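Undergrad: Following this line is my_file_36.cif, made up of mmCIF, C-alpha atoms:
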data_coords
#
loop_
_atom_site.label_atom_id
_atom_site.label_comp_id
_atom_site.auth_asym_id
_atom_site.auth_seq_id
_atom_site.Cartn_x
_atom_site.Cartn_y
_atom_site.Cartn_z
CA MET A 1 -47.05 -40.87 64.89
CA ARG A 2 -45.75 -41.38 61.39
CA LEU A 3 -42.68 -39.34 62.30
CA ILE A 4 -42.04 -41.62 65.25
CA ALA A 5 -42.34 -44.66 63.00
CA VAL A 6 -39.87 -43.15 60.54
CA LEU A 7 -37.45 -42.28 63.33
CA ALA A 8 -37.74 -45.80 64.71
CA VAL A 9 -36.88 -47.26 61.31
CA VAL A 10 -33.92 -44.91 60.97
CA ALA A 11 -32.71 -45.81 64.45
CA LEU A 12 -33.02 -49.53 63.72
CA ALA A 13 -31.17 -49.16 60.44
CA ALA A 14 -28.40 -47.32 62.27
CA CYS A 15 -28.13 -50.12 64.83
CA ALA A 16 -28.21 -53.05 62.43
CA GLU A 17 -24.73 -54.53 62.22
CA PRO A 18 -23.45 -54.86 58.65
CA PRO A 19 -21.88 -58.25 57.92
CA ALA A 20 -18.16 -58.41 58.79
CA ALA A 21 -15.78 -57.75 55.90
CA LEU A 22 -14.36 -60.89 54.24
CA GLY A 23 -16.33 -62.98 56.75
CA GLY A 24 -13.61 -62.37 59.35
CA ASP A 25 -14.09 -62.07 63.08
CA PRO A 26 -13.76 -58.40 64.07
CA GLU A 27 -13.22 -59.10 67.77
CA ARG A 28 -10.41 -61.53 67.01
CA GLY A 29 -9.03 -59.02 64.50
CA ARG A 30 -8.83 -56.39 67.18
CA LEU A 31 -6.80 -58.76 69.34
CA LEU A 32 -4.54 -59.65 66.41
CA LEU A 33 -3.86 -55.98 65.58
CA ARG A 34 -2.52 -55.71 69.08
CA GLN A 35 -0.60 -58.98 68.93
CA PHE A 36 1.15 -58.09 65.68
CA GLY A 37 2.26 -54.74 67.09
CA CYS A 38 0.34 -52.68 64.52
CA GLY A 39 -0.14 -50.11 67.28
CA ASP A 40 3.60 -49.45 67.40
CA CYS A 41 3.13 -47.43 64.23
CA HIS A 42 -0.59 -46.63 64.06
CA VAL A 43 -3.24 -45.12 66.29
CA ILE A 44 -6.10 -47.62 66.12
CA PRO A 45 -9.38 -46.70 67.83
CA GLY A 46 -10.48 -49.49 70.15
CA VAL A 47 -7.00 -50.97 70.46
CA ALA A 48 -5.76 -49.62 73.77
CA VAL A 49 -2.02 -49.78 73.22
CA ALA A 50 -2.15 -48.57 69.61
CA ARG A 51 -0.71 -45.08 69.95
CA GLY A 52 2.11 -45.15 67.38
CA SER A 53 2.70 -42.24 65.06
CA VAL A 54 5.04 -43.69 62.45
CA GLY A 55 2.25 -44.29 59.94
CA PRO A 56 -1.16 -42.66 59.58
CA PRO A 57 -3.89 -43.03 62.21
CA LEU A 58 -6.46 -45.65 61.23
CA HIS A 59 -9.68 -43.98 62.36
CA GLY A 60 -12.08 -43.91 59.44
CA ILE A 61 -9.93 -46.43 57.54
CA ALA A 62 -13.06 -48.20 56.26
CA ARG A 63 -13.91 -45.05 54.32
CA ARG A 64 -10.35 -44.29 53.20
CA VAL A 65 -10.05 -44.32 49.41
CA TYR A 66 -6.37 -45.32 49.10
CA LEU A 67 -4.12 -47.59 51.14
CA GLY A 68 -0.47 -46.61 51.48
CA GLY A 69 -1.34 -43.84 49.05
CA VAL A 70 -1.03 -46.25 46.15
CA ILE A 71 -3.78 -48.86 45.99
CA ALA A 72 -7.56 -48.59 46.01
CA ASN A 73 -9.07 -49.62 49.34
CA THR A 74 -11.30 -52.71 49.27
CA PRO A 75 -11.48 -55.44 51.92
CA GLU A 76 -9.55 -57.73 49.55
CA SER A 77 -6.83 -55.23 48.75
CA MET A 78 -6.50 -54.33 52.42
CA ALA A 79 -5.91 -57.99 53.28
CA ARG A 80 -3.24 -58.20 50.57
CA PHE A 81 -1.67 -54.94 51.76
CA ILE A 82 -1.48 -56.22 55.34
CA ARG A 83 0.10 -59.50 54.19
CA ALA A 84 2.56 -58.10 51.63
CA PRO A 85 2.77 -54.31 51.83
CA GLN A 86 5.90 -54.21 49.71
CA ASP A 87 4.03 -55.75 46.75
CA ALA A 88 1.94 -52.56 46.62
CA ASP A 89 4.90 -50.22 47.05
CA PRO A 90 8.46 -51.54 47.32
CA ARG A 91 9.49 -48.42 49.24
CA THR A 92 6.77 -48.48 51.85
CA GLY A 93 7.81 -48.24 55.47
CA MET A 94 5.16 -50.80 56.38
CA PRO A 95 6.91 -54.08 57.18
CA ASP A 96 5.90 -57.57 56.10
CA LEU A 97 4.82 -59.12 59.41
CA GLN A 98 4.13 -62.63 58.07
CA VAL A 99 0.42 -62.30 58.70
CA THR A 100 -1.51 -65.39 57.63
CA GLU A 101 -4.50 -65.10 55.31
CA ALA A 102 -6.93 -66.01 58.09
CA HIS A 103 -5.41 -63.47 60.46
CA ALA A 104 -5.50 -60.77 57.77
CA ARG A 105 -9.22 -61.49 57.22
CA ASP A 106 -9.93 -60.95 60.91
CA MET A 107 -7.88 -57.74 60.99
CA VAL A 108 -9.74 -56.42 57.95
CA ALA A 109 -13.07 -57.33 59.58
CA TYR A 110 -12.12 -55.13 62.54
CA LEU A 111 -10.60 -52.29 60.50
CA TYR A 112 -13.74 -52.15 58.36
CA THR A 113 -15.75 -51.32 61.47
CA LEU A 114 -13.74 -48.06 61.76
CA ARG A 115 -15.90 -45.75 59.69
CA MET B 1 -49.41 -12.37 69.26
CA LYS B 2 -48.03 -8.90 69.72
CA ILE B 3 -44.73 -10.35 70.98
CA ALA B 4 -44.50 -12.61 67.91
CA ALA B 5 -45.11 -9.67 65.60
CA THR B 6 -42.43 -7.62 67.39
CA LEU B 7 -39.92 -10.47 67.22
CA PHE B 8 -40.66 -10.93 63.53
CA ALA B 9 -40.16 -7.22 62.88
CA ILE B 10 -36.85 -7.29 64.77
CA ALA B 11 -35.73 -10.30 62.73
CA VAL B 12 -36.61 -8.59 59.43
CA VAL B 13 -34.88 -5.35 60.42
CA GLY B 14 -31.86 -7.31 61.67
CA ALA B 15 -31.62 -9.29 58.44
CA ALA B 16 -31.92 -6.11 56.38
CA ALA B 17 -29.19 -4.44 58.46
CA PHE B 18 -26.97 -7.51 58.04
CA VAL B 19 -27.36 -7.46 54.27
CA GLN B 20 -27.05 -3.68 53.96
CA SER B 21 -23.96 -3.44 56.18
CA GLY B 22 -21.92 -5.64 53.80
CA VAL B 23 -20.39 -7.40 56.80
CA TYR B 24 -20.85 -10.89 55.37
CA ASP B 25 -17.66 -12.19 53.77
CA VAL B 26 -18.41 -13.66 50.34
CA SER B 27 -14.75 -14.35 49.45
CA ALA B 28 -13.78 -17.84 48.35
CA THR B 29 -10.66 -17.74 50.51
CA ASN B 30 -12.70 -17.85 53.71
CA GLN B 31 -14.56 -21.07 54.35
CA HIS B 32 -18.07 -20.83 55.81
CA LEU B 33 -18.54 -20.90 59.56
CA ALA B 34 -18.96 -24.47 60.78
CA PRO B 35 -22.74 -24.23 61.42
CA THR B 36 -23.37 -22.63 58.02
CA TYR B 37 -21.27 -25.30 56.36
CA TRP B 38 -23.10 -28.09 58.12
CA LEU B 39 -26.51 -26.64 57.34
CA MET B 40 -25.78 -26.22 53.62
CA GLU B 41 -24.14 -29.64 53.34
CA ALA B 42 -27.03 -31.38 55.10
CA THR B 43 -29.64 -29.50 53.05
CA MET B 44 -27.88 -30.41 49.81
CA ARG B 45 -27.50 -34.10 50.73
CA ARG B 46 -31.16 -34.41 51.67
CA ALA B 47 -32.35 -32.55 48.58
CA VAL B 48 -30.32 -34.80 46.29
CA ALA B 49 -31.28 -38.04 48.08
CA GLN B 50 -34.95 -37.11 47.94
CA ARG B 51 -34.91 -36.39 44.20
CA ALA B 52 -32.66 -39.30 43.27
CA ALA B 53 -34.96 -41.80 44.95
CA GLN B 54 -37.25 -41.74 41.88
CA ILE B 55 -34.48 -42.55 39.38
CA THR B 56 -34.08 -46.05 37.90
CA VAL B 57 -30.44 -47.03 37.57
CA PRO B 58 -29.39 -48.89 34.39
CA PRO B 59 -26.58 -51.52 34.47
CA LEU B 60 -23.33 -49.71 35.24
CA ASP B 61 -20.79 -52.52 34.98
CA ARG B 62 -20.62 -52.97 31.21
CA PRO B 63 -17.02 -52.35 30.03
CA GLU B 64 -18.20 -50.43 26.92
CA THR B 65 -20.24 -48.05 29.08
CA ILE B 66 -17.35 -47.52 31.47
CA ALA B 67 -14.98 -46.86 28.55
CA VAL B 68 -17.32 -44.18 27.18
CA GLY B 69 -17.54 -42.72 30.67
CA LEU B 70 -13.75 -42.53 30.92
CA VAL B 71 -13.53 -40.52 27.69
CA LEU B 72 -16.21 -38.10 28.89
CA TYR B 73 -14.66 -37.92 32.34
CA ARG B 74 -11.28 -36.94 30.92
CA ALA B 75 -12.87 -34.38 28.61
CA GLN B 76 -15.21 -32.72 31.11
CA CYS B 77 -14.69 -33.75 34.74
CA VAL B 78 -10.98 -34.10 35.44
CA LYS B 79 -10.38 -30.34 35.13
CA CYS B 80 -12.25 -29.69 38.36
CA HIS B 81 -12.35 -33.06 40.13
CA GLY B 82 -8.96 -34.55 39.29
CA ALA B 83 -8.48 -38.33 39.09
CA PRO B 84 -6.36 -40.91 40.92
CA GLY B 85 -2.92 -39.28 41.10
CA VAL B 86 -4.05 -36.34 38.93
CA ALA B 87 -4.69 -32.87 40.35
CA PRO B 88 -7.56 -30.65 39.25
CA ASP B 89 -6.60 -27.65 37.11
CA PRO B 90 -5.28 -24.65 39.07
CA PHE B 91 -8.49 -22.61 38.76
CA ALA B 92 -10.52 -25.36 40.38
CA LEU B 93 -8.35 -25.27 43.48
CA GLY B 94 -9.56 -21.72 44.12
CA MET B 95 -13.22 -22.70 44.28
CA THR B 96 -15.32 -22.71 47.44
CA PRO B 97 -16.76 -25.24 47.86
CA LEU B 98 -14.00 -27.32 46.38
CA PRO B 99 -15.06 -29.76 43.68
CA ALA B 100 -15.47 -33.10 45.45
CA PRO B 101 -12.81 -35.80 45.07
CA LEU B 102 -14.98 -38.28 43.20
CA SER B 103 -13.21 -41.44 44.34
CA GLN B 104 -14.61 -40.65 47.76
CA THR B 105 -17.99 -39.50 46.45
CA ALA B 106 -18.39 -42.80 44.61
CA ARG B 107 -17.89 -44.73 47.83
CA GLU B 108 -20.48 -42.74 49.74
CA TRP B 109 -23.15 -41.62 47.26
CA GLN B 110 -25.65 -43.76 45.36
CA PRO B 111 -25.22 -43.88 41.56
CA ALA B 112 -28.68 -42.31 41.15
CA GLU B 113 -27.60 -39.38 43.34
CA ILE B 114 -24.45 -38.86 41.29
CA PHE B 115 -26.55 -39.01 38.11
CA TRP B 116 -28.92 -36.39 39.50
CA VAL B 117 -26.09 -34.04 40.46
CA VAL B 118 -24.35 -34.39 37.08
CA LYS B 119 -27.59 -33.85 35.20
CA TYR B 120 -29.02 -30.93 37.17
CA GLY B 121 -25.92 -29.39 38.75
CA LEU B 122 -25.75 -27.75 42.17
CA LYS B 123 -26.61 -24.10 42.67
CA MET B 124 -23.90 -21.85 44.09
CA THR B 125 -21.27 -24.59 44.05
CA GLY B 126 -19.82 -24.28 40.55
CA MET B 127 -21.18 -27.72 39.61
CA PRO B 128 -22.82 -27.14 36.22
CA ALA B 129 -25.93 -28.89 34.95
CA TRP B 130 -25.11 -31.20 32.02
CA GLU B 131 -28.74 -31.78 31.05
CA PHE B 132 -28.58 -29.67 27.90
CA ARG B 133 -25.04 -30.77 27.01
CA LEU B 134 -25.03 -34.54 27.50
CA SER B 135 -27.68 -37.19 26.83
CA ASP B 136 -28.92 -39.29 29.75
CA ASP B 137 -27.01 -42.26 28.31
CA ALA B 138 -23.82 -40.23 28.27
CA ILE B 139 -24.40 -39.08 31.85
CA TRP B 140 -24.97 -42.69 32.95
CA ALA B 141 -21.69 -43.62 31.24
CA VAL B 142 -19.94 -40.94 33.30
CA VAL B 143 -21.64 -42.31 36.43
CA ALA B 144 -20.52 -45.83 35.45
CA PHE B 145 -16.92 -44.64 35.24
CA ILE B 146 -17.13 -42.64 38.50
CA ASN B 147 -18.52 -45.80 40.08
CA GLN B 148 -15.21 -47.53 39.20
CA LEU B 149 -13.01 -44.76 40.64
CA PRO B 150 -12.74 -46.15 44.17
CA ARG B 151 -11.31 -49.37 42.74
CA LEU B 152 -8.78 -47.62 40.47
CA SER B 153 -5.26 -47.15 41.78
CA PRO B 154 -3.22 -44.19 40.49
CA ARG B 155 -1.10 -46.68 38.53
CA GLU B 156 -4.15 -48.25 36.87
CA TYR B 157 -5.59 -44.85 35.99
CA ALA B 158 -2.26 -43.85 34.42
CA ARG B 159 -2.29 -47.06 32.38
CA LEU B 160 -5.88 -46.45 31.22
CA THR B 161 -5.07 -42.95 30.12
CA ALA B 162 -1.59 -43.43 28.66
CA PRO B 163 0.09 -41.51 27.13
CA PRO B 164 0.10 -39.39 30.26
CA ALA B 165 -0.91 -35.77 30.16
CA ALA B 166 1.88 -33.21 30.11
CA PRO B 167 3.26 -32.51 33.58
CA PRO B 168 2.01 -29.32 35.21
CA ALA B 169 3.92 -26.17 34.31
CA ALA B 170 6.71 -25.19 36.66
CA PRO B 171 5.25 -23.12 39.48
CA ALA B 172 5.98 -19.42 39.42
CA ALA B 173 8.83 -18.37 41.65
CA GLY B 174 7.59 -17.53 45.14
CA VAL B 175 8.70 -14.91 47.57
CA PRO B 176 12.35 -15.09 48.77
CA LEU B 177 13.09 -18.30 50.62
CA ASN B 178 14.13 -16.53 53.77
CA ALA B 179 10.62 -15.12 54.24
CA HIS B 180 9.13 -16.14 57.55
CA ALA B 181 6.82 -19.11 57.34
CA ASP B 182 3.30 -18.09 58.32
CA PRO B 183 1.04 -20.82 59.72
CA VAL B 184 -2.12 -18.71 59.37
CA ARG B 185 -1.41 -18.13 55.69
CA GLY B 186 -0.48 -21.81 55.44
CA LYS B 187 -3.91 -22.80 56.70
CA THR B 188 -5.52 -20.78 53.90
CA ALA B 189 -3.05 -22.28 51.42
CA LEU B 190 -4.13 -25.78 52.51
CA GLN B 191 -7.64 -24.83 51.40
CA GLN B 192 -6.55 -23.03 48.27
CA TYR B 193 -4.46 -25.95 47.02
CA ALA B 194 -7.41 -28.24 47.74
CA CYS B 195 -5.53 -30.34 50.31
CA VAL B 196 -8.84 -30.40 52.19
CA ALA B 197 -10.47 -32.25 49.31
CA CYS B 198 -8.60 -35.41 50.35
CA HIS B 199 -7.41 -35.00 53.95
CA GLU B 200 -9.02 -34.50 57.32
CA ILE B 201 -7.21 -31.43 58.69
CA PRO B 202 -7.90 -30.28 62.25
CA GLY B 203 -8.83 -26.60 62.47
CA ILE B 204 -10.27 -26.33 58.95
CA THR B 205 -14.06 -26.38 58.57
CA GLY B 206 -15.27 -29.02 56.15
CA ALA B 207 -11.91 -30.81 55.95
CA THR B 208 -13.23 -34.25 56.76
CA ALA B 209 -12.35 -36.15 53.58
CA ARG B 210 -11.09 -39.71 53.66
CA VAL B 211 -9.22 -39.99 50.40
CA GLY B 212 -5.80 -39.82 52.02
CA PRO B 213 -4.75 -40.14 55.66
CA PRO B 214 -5.94 -37.71 58.34
CA LEU B 215 -3.38 -35.01 59.15
CA GLY B 216 -4.12 -34.70 62.87
CA GLY B 217 -0.78 -35.38 64.56
CA ILE B 218 1.16 -35.00 61.31
CA ALA B 219 3.77 -32.93 63.17
CA THR B 220 4.88 -36.06 64.98
CA ARG B 221 4.18 -38.59 62.19
CA GLY B 222 7.20 -40.76 61.44
CA LEU B 223 6.80 -41.22 57.71
CA LEU B 224 5.36 -39.13 54.89
CA GLY B 225 3.48 -41.02 52.21
CA GLY B 226 4.52 -44.18 54.02
CA ILE B 227 8.08 -43.87 52.73
CA LEU B 228 9.85 -40.60 53.60
CA PRO B 229 11.18 -39.75 57.06
CA ASN B 230 9.18 -36.75 58.24
CA THR B 231 11.88 -34.04 58.32
CA PRO B 232 11.20 -30.37 57.50
CA GLU B 233 13.08 -30.72 54.18
CA ASN B 234 11.20 -33.87 53.21
CA MET B 235 7.88 -32.25 54.13
CA LEU B 236 8.63 -29.41 51.69
CA ARG B 237 9.57 -31.86 48.94
CA TRP B 238 6.51 -33.96 49.64
CA LEU B 239 4.18 -30.96 49.50
CA ARG B 240 5.77 -29.65 46.31
CA GLU B 241 6.45 -32.75 44.20
CA PRO B 242 4.94 -35.95 45.62
CA GLN B 243 4.90 -37.58 42.19
CA ALA B 244 8.68 -37.21 41.91
CA VAL B 245 9.27 -38.39 45.47
CA ALA B 246 6.88 -41.32 45.54
CA PRO B 247 5.49 -42.48 42.23
CA PRO B 248 2.80 -43.75 41.84
CA THR B 249 1.26 -42.05 44.85
CA ALA B 250 -2.34 -40.90 44.67
CA MET B 251 -1.19 -37.50 45.96
CA PRO B 252 -0.95 -35.25 42.91
CA ASP B 253 1.56 -32.50 42.17
CA LEU B 254 -0.37 -29.28 42.77
CA GLY B 255 2.24 -26.76 41.69
CA VAL B 256 2.81 -25.59 45.27
CA THR B 257 5.33 -22.75 45.41
CA GLU B 258 8.23 -22.81 47.85
CA ARG B 259 6.71 -20.04 49.94
CA ASP B 260 3.29 -21.67 50.08
CA ALA B 261 4.82 -25.04 50.97
CA ARG B 262 6.75 -23.41 53.83
CA ASP B 263 3.59 -21.78 55.14
CA MET B 264 1.63 -25.03 54.83
CA ALA B 265 4.40 -26.89 56.65
CA ALA B 266 4.30 -24.23 59.38
CA TYR B 267 0.58 -24.88 59.90
CA LEU B 268 1.02 -28.66 59.75
CA ALA B 269 3.81 -28.37 62.33
CA THR B 270 1.19 -27.10 64.79
CA LEU B 271 -0.81 -30.35 64.46
CA LYS B 272 0.88 -32.37 67.16
#
Now, as a test, write the supplied structure out as structure tokens.
TA:
Amino acid sequence: MRLIAVLAVVALAACAEPPAALGGDPERGRLLLRQFGCGDCHVIPGVAVARGSVGPPLHGIARRVYLGGVIANTPESMARFIRAPQDADPRTGMPDLQVTEAHARDMVAYLYTLR
Amino acid sequence: MKIAATLFAIAVVGAAAFVQSGVYDVSATNQHLAPTYWLMEATMRRAVAQRAAQITVPPLDRPETIAVGLVLYRAQCVKCHGAPGVAPDPFALGMTPLPAPLSQTAREWQPAEIFWVVKYGLKMTGMPAWEFRLSDDAIWAVVAFINQLPRLSPREYARLTAPPAAPPAAPAAGVPLNAHADPVRGKTALQQYACVACHEIPGITGATARVGPPLGGIATRGLLGGILPNTPENMLRWLREPQAVAPPTAMPDLGVTERDARDMAAYLATLK
């Protein structure tokens, strides 16, 4: 009985949705990742057309330690990297796609669901 | 009852035969089988979590504490665990299990768990117990610094630790360059140079790290390190001297020889 209770708690904890990163809207972020053509270069789970292989695949990106190999991965730094990748590394192949701050927040909210 | 006794006897005899035959491979160049690996990993994680639950964590964000931790980290930890953009010492790359990349550990383990592991060590892993060598305060300082690792870029770590350590010695000359590249040997080399400590690599048990990008599909990846076109020549350069190709990348120079780099590239070329 106690075991069942413990398992139930574990199952509930596993189901509970953590708050979205940066307060963005993950669903909208997923749409935006598609709209900005991120999938031309990256495989992004959950984004159907994202099958590019120019840059690294983004599965597990929420747990990735570095972004672009040069900066530490936090929701804030990811938003900055999406908006101005060349600030992190002038030689990066990742282009500046003129993403607004609000759009970057939504993208980060989605990408941080990829654990 | 009789059946149970018979089964038990068979199990004991079987186990004795297994031990006596010497068939089990204890070498550090062969990773455990996947089920063994999973079982040991899960057992270790549970054992640590269980024991760490009783530990009270002091404040870890005081700059003085973190600074002390950095000094201790550089003196005692970096040899085996490396640091952002800094490779572990060569001997540590030959260990099985590999010393964990702590920037990832710090993202996924509780500070109390890290404290417990530093203090008591981990049997049969090479992780020593520091209990009789460092005070609890000193261990907490190390934990406080490790706690900062995920937020430290390679550039920031280099700034904190300037002047930089001497560059690694030039790797010994490998076998003649025209030797055939061997993907099977390359797969072992990817373990032996600790590539698996940071990258998810299909086909290698336990290579599930998330420090750098996953290498599934690397054969058809467009860019290396986000900057270099993925040609065979560039792959060799990237494997051998990433710090020269792309400073300040988090990928450290590991002293990979030409031959080993060719073999690694041959294995990576199979990951389409």
Undergrad: Could you check the closest approach to A:Met78 for each of A:Val47, A:Leu33, A:Leu111, A:Cys38 and tell me which residue wins, using only C-alpha atoms?
TA: A:Leu111
Undergrad: With all atoms listed in the file as the atoms that count, which of B:Ala141, B:Ala47, B:Cys198, B:Val68 lies nearest to B:Gly82?
TA: B:Cys198
Undergrad: What's around B:Val78 at 12 Å? Count all atoms listed in the file, leave out sequence neighbours fewer than 2 positions away in its own chain, and write the answer as a PyMOL selection string.
TA: chain B and resi 69-76+80-90+92+99-103+142+146+161+165
Undergrad: Sorted by chain and rising residue number, which residues of chain A lie within 9 Å of chain B, and what are their closest atom pairs and distances in Å to one decimal, counting all atoms listed in the file, as JSON lines?
TA:
{"residue": "A:Cys41", "atom": "CA", "partner": "B:Gly222", "partner_atom": "CA", "distance": 8.3}
{"residue": "A:Gly52", "atom": "CA", "partner": "B:Arg221", "partner_atom": "CA", "distance": 8.6}
{"residue": "A:Ser53", "atom": "CA", "partner": "B:Arg221", "partner_atom": "CA", "distance": 4.9}
{"residue": "A:Val54", "atom": "CA", "partner": "B:Gly222", "partner_atom": "CA", "distance": 3.8}
{"residue": "A:Gly55", "atom": "CA", "partner": "B:Leu223", "partner_atom": "CA", "distance": 5.9}
{"residue": "A:Pro56", "atom": "CA", "partner": "B:Pro213", "partner_atom": "CA", "distance": 5.9}
{"residue": "A:Pro57", "atom": "CA", "partner": "B:Pro214", "partner_atom": "CA", "distance": 6.9}
{"residue": "A:Leu58", "atom": "CA", "partner": "B:Pro213", "partner_atom": "CA", "distance": 8.0}
{"residue": "A:His59", "atom": "CA", "partner": "B:Pro214", "partner_atom": "CA", "distance": 8.3}
{"residue": "A:Gly60", "atom": "CA", "partner": "B:Arg210", "partner_atom": "CA", "distance": 7.2}
{"residue": "A:Ile61", "atom": "CA", "partner": "B:Arg210", "partner_atom": "CA", "distance": 7.8}
{"residue": "A:Arg63", "atom": "CA", "partner": "B:Arg210", "partner_atom": "CA", "distance": 6.1}
{"residue": "A:Arg64", "atom": "CA", "partner": "B:Arg210", "partner_atom": "CA", "distance": 4.7}
{"residue": "A:Val65", "atom": "CA", "partner": "B:Val211", "partner_atom": "CA", "distance": 4.5}
{"residue": "A:Tyr66", "atom": "CA", "partner": "B:Val211", "partner_atom": "CA", "distance": 6.2}
{"residue": "A:Leu67", "atom": "CA", "partner": "B:Gly212", "partner_atom": "CA", "distance": 8.0}
{"residue": "A:Gly68", "atom": "CA", "partner": "B:Gly226", "partner_atom": "CA", "distance": 6.1}
{"residue": "A:Gly69", "atom": "CA", "partner": "B:Thr249", "partner_atom": "CA", "distance": 5.3}
{"residue": "A:Val70", "atom": "CA", "partner": "B:Thr249", "partner_atom": "CA", "distance": 5.0}
{"residue": "A:Ile71", "atom": "CA", "partner": "B:Ser153", "partner_atom": "CA", "distance": 4.8}
{"residue": "A:Ala72", "atom": "CA", "partner": "B:Ser153", "partner_atom": "CA", "distance": 5.0}
{"residue": "A:Asn73", "atom": "CA", "partner": "B:Arg151", "partner_atom": "CA", "distance": 7.0}
{"residue": "A:Thr74", "atom": "CA", "partner": "B:Arg151", "partner_atom": "CA", "distance": 7.3}
{"residue": "A:Asp89", "atom": "CA", "partner": "B:Pro248", "partner_atom": "CA", "distance": 8.6}
{"residue": "A:Arg91", "atom": "CA", "partner": "B:Ile227", "partner_atom": "CA", "distance": 5.9}
{"residue": "A:Thr92", "atom": "CA", "partner": "B:Ile227", "partner_atom": "CA", "distance": 4.9}
{"residue": "A:Gly93", "atom": "CA", "partner": "B:Ile227", "partner_atom": "CA", "distance": 5.2}
{"residue": "A:Met94", "atom": "CA", "partner": "B:Gly226", "partner_atom": "CA", "distance": 7.1}
Undergrad: Please write the residues picked by the PyMOL selection byres ((chain B and resi 206) around 12) on this file as a VMD selection string.
TA: chain B and resid 30 to 41 96 to 98 100 191 194 to 205 207 to 210
Undergrad: Quick one: pull the distance between atom CA of B:Leu268 and atom CA of B:Asn234, Å, one decimal.
TA: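 Atom CA of B:Asn234 lies at a distance of 13.2 Å from atom CA of B:Leu268.
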Undergrad: Please, what distance in Å, to one decimal, runs between atom CA of A:Ala102 and atom CA of B:Gln148?
TA: 27.7 Å
Undergrad: Do you know which residues the PyMOL selection byres ((chain A and resi 109) around 6) returns on this file, as a compact mmCIF listing (two decimals) with C-alpha atoms, in the coordinates of the input?
TA:
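As written to disk, expr-v7.txt reads:
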# COMPACT_ATOMS: atom_id res chain seq x y z
CA ALA A 20 -18.16 -58.41 58.79
CA ALA A 21 -15.78 -57.75 55.90
CA GLY A 24 -13.61 -62.37 59.35
CA ASP A 25 -14.09 -62.07 63.08
CA PRO A 26 -13.76 -58.40 64.07
CA ASP A 106 -9.93 -60.95 60.91
CA MET A 107 -7.88 -57.74 60.99
CA VAL A 108 -9.74 -56.42 57.95
CA TYR A 110 -12.12 -55.13 62.54
CA LEU A 111 -10.60 -52.29 60.50
CA TYR A 112 -13.74 -52.15 58.36
Undergrad: Atom CA of B:Phe91 and atom CA of B:Thr188, how far apart in Å?
TA: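 So the two atoms, atom CA of B:Thr188 and atom CA of B:Phe91, lie 15.5 Å apart.
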Undergrad: Excluding A:Phe36 and residues on its chain fewer than 5 positions from it, collect all residues at most 12 Å away from it, counting only C-alpha atoms, and give them as a ChimeraX atom specification.
TA: /A:29-31,41-42,47,49-50,82-83,95-100,103-104,107
Undergrad: What would the list of residues within 10 Å of (-3.4, -21.9, 58.9) (file frame) look like as a list in words, if only C-alpha atoms are what count?
TA: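 With a cut-off of 10 Å, the residues come to Asp182, Pro183, Val184, Arg185, Gly186, Lys187, Thr188, Ala189, Leu190, Gln191, Gly203, Ile204, Asp263, Met264, Ala265, Ala266, Tyr267, Leu268 and Thr270 of chain B.
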Undergrad: Counting all atoms listed in the file, figure out which residue out of A:Arg51, A:Pro90, A:Phe81, A:Arg105 gets nearest to A:Leu32.
TA: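 Of the candidates, the smallest distance to A:Leu32 is held by A:Arg105.
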Undergrad: Could you tell me which residues the PyMOL selection byres ((chain B and resi 127-138) around 9) returns for this structure, as a compact mmCIF listing (two decimals) with C-alpha atoms, keeping the file's coordinate frame?
TA:
# COMPACT_ATOMS: atom_id res chain seq x y z
CA THR B 65 -20.24 -48.05 29.08
CA VAL B 68 -17.32 -44.18 27.18
CA GLY B 69 -17.54 -42.72 30.67
CA LEU B 72 -16.21 -38.10 28.89
CA PRO B 99 -15.06 -29.76 43.68
CA PHE B 115 -26.55 -39.01 38.11
CA VAL B 117 -26.09 -34.04 40.46
CA VAL B 118 -24.35 -34.39 37.08
CA LYS B 119 -27.59 -33.85 35.20
CA TYR B 120 -29.02 -30.93 37.17
CA GLY B 121 -25.92 -29.39 38.75
CA LEU B 122 -25.75 -27.75 42.17
CA LYS B 123 -26.61 -24.10 42.67
CA MET B 124 -23.90 -21.85 44.09
CA THR B 125 -21.27 -24.59 44.05
CA GLY B 126 -19.82 -24.28 40.55
CA ILE B 139 -24.40 -39.08 31.85
CA TRP B 140 -24.97 -42.69 32.95
CA ALA B 141 -21.69 -43.62 31.24
CA VAL B 142 -19.94 -40.94 33.30
CA VAL B 143 -21.64 -42.31 36.43
